[in-house]
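Worksheet: one structure, shown below.
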Amino acid sequence: LDNLCLSCWHCNNHKHQATDAIDPETTEKVPLFNPRTQVWSAHFEWIDQGIRIKGKTAIDRATIGRLKMNQDRFVIARHNWINSGTHPPQ
């Protein structure tokens, strides 16, 4: 139980057993973002008025790619949440 973290089905399915991924900018293999030891806001930022997530480091970019965090369906959902006033989270 100490190693479990709540995540949506989509992210969990894409992460699977991976602990690292390739940074698309440097092509280096780096560890994935660890929500247990790292702070989200120190590693990611909302861009395009909050519909996309941008990584600040190689770890973050690799995590976004591995978990497919900017997939079209999520961008559409975030756009709808912005219109309803519930996104981005504080």
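Ligands are numbered from 1 in the order shown, chains are lettered A, B, ... in the order of the structure tokens, and residues start at 1 in each chain.
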
* Which neighbours of Gln71 (chain A) fall inside 12 Å, counting only C-alpha atoms, when residues of the same chain fewer than 2 positions from it are skipped, and could you give them as JSON, numbers by chain? -> {"A": [10, 11, 14, 51, 52, 53, 64, 65, 66, 67, 68, 69, 73, 74, 75, 76, 77, 78]}

Create the file for the chosen residues now, containing C-alpha atoms and written as a PDB file, in the first residue's frame.
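The result, stored in again-v4.pdb:
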ATOM      1  CA  HIS A  10      -6.099   6.308 -18.399  1.00  0.00           C
ATOM      2  CA  CYS A  11      -2.893   7.438 -16.648  1.00  0.00           C
ATOM      3  CA  HIS A  14      -0.288   4.132 -19.740  1.00  0.00           C
ATOM      4  CA  ILE A  51      -6.178  23.199 -21.508  1.00  0.00           C
ATOM      5  CA  ARG A  52      -2.691  21.676 -21.789  1.00  0.00           C
ATOM      6  CA  ILE A  53      -0.002  20.694 -19.327  1.00  0.00           C
ATOM      7  CA  ILE A  64       3.435  13.903 -19.903  1.00  0.00           C
ATOM      8  CA  GLY A  65       4.413  11.802 -22.905  1.00  0.00           C
ATOM      9  CA  ARG A  66       4.248   8.432 -21.145  1.00  0.00           C
ATOM     10  CA  LEU A  67       0.864   9.142 -19.521  1.00  0.00           C
ATOM     11  CA  LYS A  68      -0.444  10.949 -22.626  1.00  0.00           C
ATOM     12  CA  MET A  69      -1.666  13.791 -20.441  1.00  0.00           C
ATOM     13  CA  ARG A  73     -10.067  14.036 -25.212  1.00  0.00           C
ATOM     14  CA  PHE A  74      -8.438  15.566 -22.124  1.00  0.00           C
ATOM     15  CA  VAL A  75      -7.914  18.886 -23.871  1.00  0.00           C
ATOM     16  CA  ILE A  76     -11.622  18.917 -24.796  1.00  0.00           C
ATOM     17  CA  ALA A  77     -12.632  17.997 -21.240  1.00  0.00           C
ATOM     18  CA  ARG A  78     -10.406  20.722 -19.764  1.00  0.00           C
TER      19      ARG A  78
END

Return as number ranges by chain the full set of residues in region 20-55 of chain A whose backbone-based DSSP assignment is alpha helix (DSSP H).
A: 40-43

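Nearest-residue note for Asp23 (chain A): choosing from A:Gln49, A:Pro35, A:Ala62, A:His43, the minimum distance belongs to A:Ala62, counting only C-alpha atoms.
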
Residues of chain A in strand (DSSP E), written as a PyMOL selection string: chain A and resi 20-22+29-31+44-47+52-55

Take the residues from that selection and put them in a file with N, CA and C atoms, as a CSV table (one decimal), in the first residue's frame.
chain,number,residue,atom,x,y,z
A,20,ASP,N,10.3,4.9,-15.6
A,20,ASP,CA,11.0,5.9,-16.4
A,20,ASP,C,10.5,5.9,-17.8
A,21,ALA,N,10.9,7.0,-18.5
A,21,ALA,CA,10.4,7.2,-19.9
A,21,ALA,C,11.4,8.1,-20.6
A,22,ILE,N,11.2,8.3,-21.9
A,22,ILE,CA,12.1,9.1,-22.7
A,22,ILE,C,11.6,10.5,-22.7
A,29,LYS,N,16.6,8.9,-21.2
A,29,LYS,CA,15.7,8.1,-20.4
A,29,LYS,C,15.8,8.7,-18.9
A,30,VAL,N,14.6,9.0,-18.4
A,30,VAL,CA,14.6,9.7,-17.1
A,30,VAL,C,13.5,9.1,-16.2
A,31,PRO,N,13.6,9.2,-14.9
A,31,PRO,CA,12.5,8.7,-14.1
A,31,PRO,C,11.2,9.5,-14.3
A,44,PHE,N,5.1,21.1,-13.2
A,44,PHE,CA,4.1,21.3,-14.4
A,44,PHE,C,3.5,22.7,-14.3
A,45,GLU,N,3.0,23.1,-15.5
A,45,GLU,CA,2.3,24.3,-15.5
A,45,GLU,C,1.2,24.2,-16.5
A,46,TRP,N,0.1,24.9,-16.3
A,46,TRP,CA,-1.0,25.0,-17.3
A,46,TRP,C,-0.7,25.9,-18.4
A,47,ILE,N,-0.9,25.6,-19.6
A,47,ILE,CA,-0.6,26.5,-20.8
A,47,ILE,C,-1.9,26.5,-21.6
A,52,ARG,N,-3.8,22.6,-21.6
A,52,ARG,CA,-2.7,21.7,-21.8
A,52,ARG,C,-1.7,21.8,-20.6
A,53,ILE,N,-1.0,20.7,-20.4
A,53,ILE,CA,0.0,20.7,-19.3
A,53,ILE,C,1.4,20.7,-20.0
A,54,LYS,N,2.2,21.6,-19.4
A,54,LYS,CA,3.6,21.7,-19.9
A,54,LYS,C,4.6,21.3,-18.8
A,55,GLY,N,5.6,20.5,-19.1
A,55,GLY,CA,6.6,20.1,-18.1
A,55,GLY,C,7.7,21.1,-18.0

query = Suppose you want the space between CA of His87 (chain A) and CA of Pro24 (chain A); what is it in Å?
reply =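 Straight-line distance from CA of His87 (chain A) to CA of Pro24 (chain A) works out to 26.9 Å.
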
Using only C-alpha atoms, pick whichever of A:Arg61, A:Glu25, A:Gly50, A:Ser41 has the shortest atom-to-atom distance to Asn80 (chain A).
->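 Closest candidate: A:Gly50.
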
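Atom pair CA of Ala42 (chain A) / CA of Gln17 (chain A) has a distance of 24.2 Å (rounded to one decimal).
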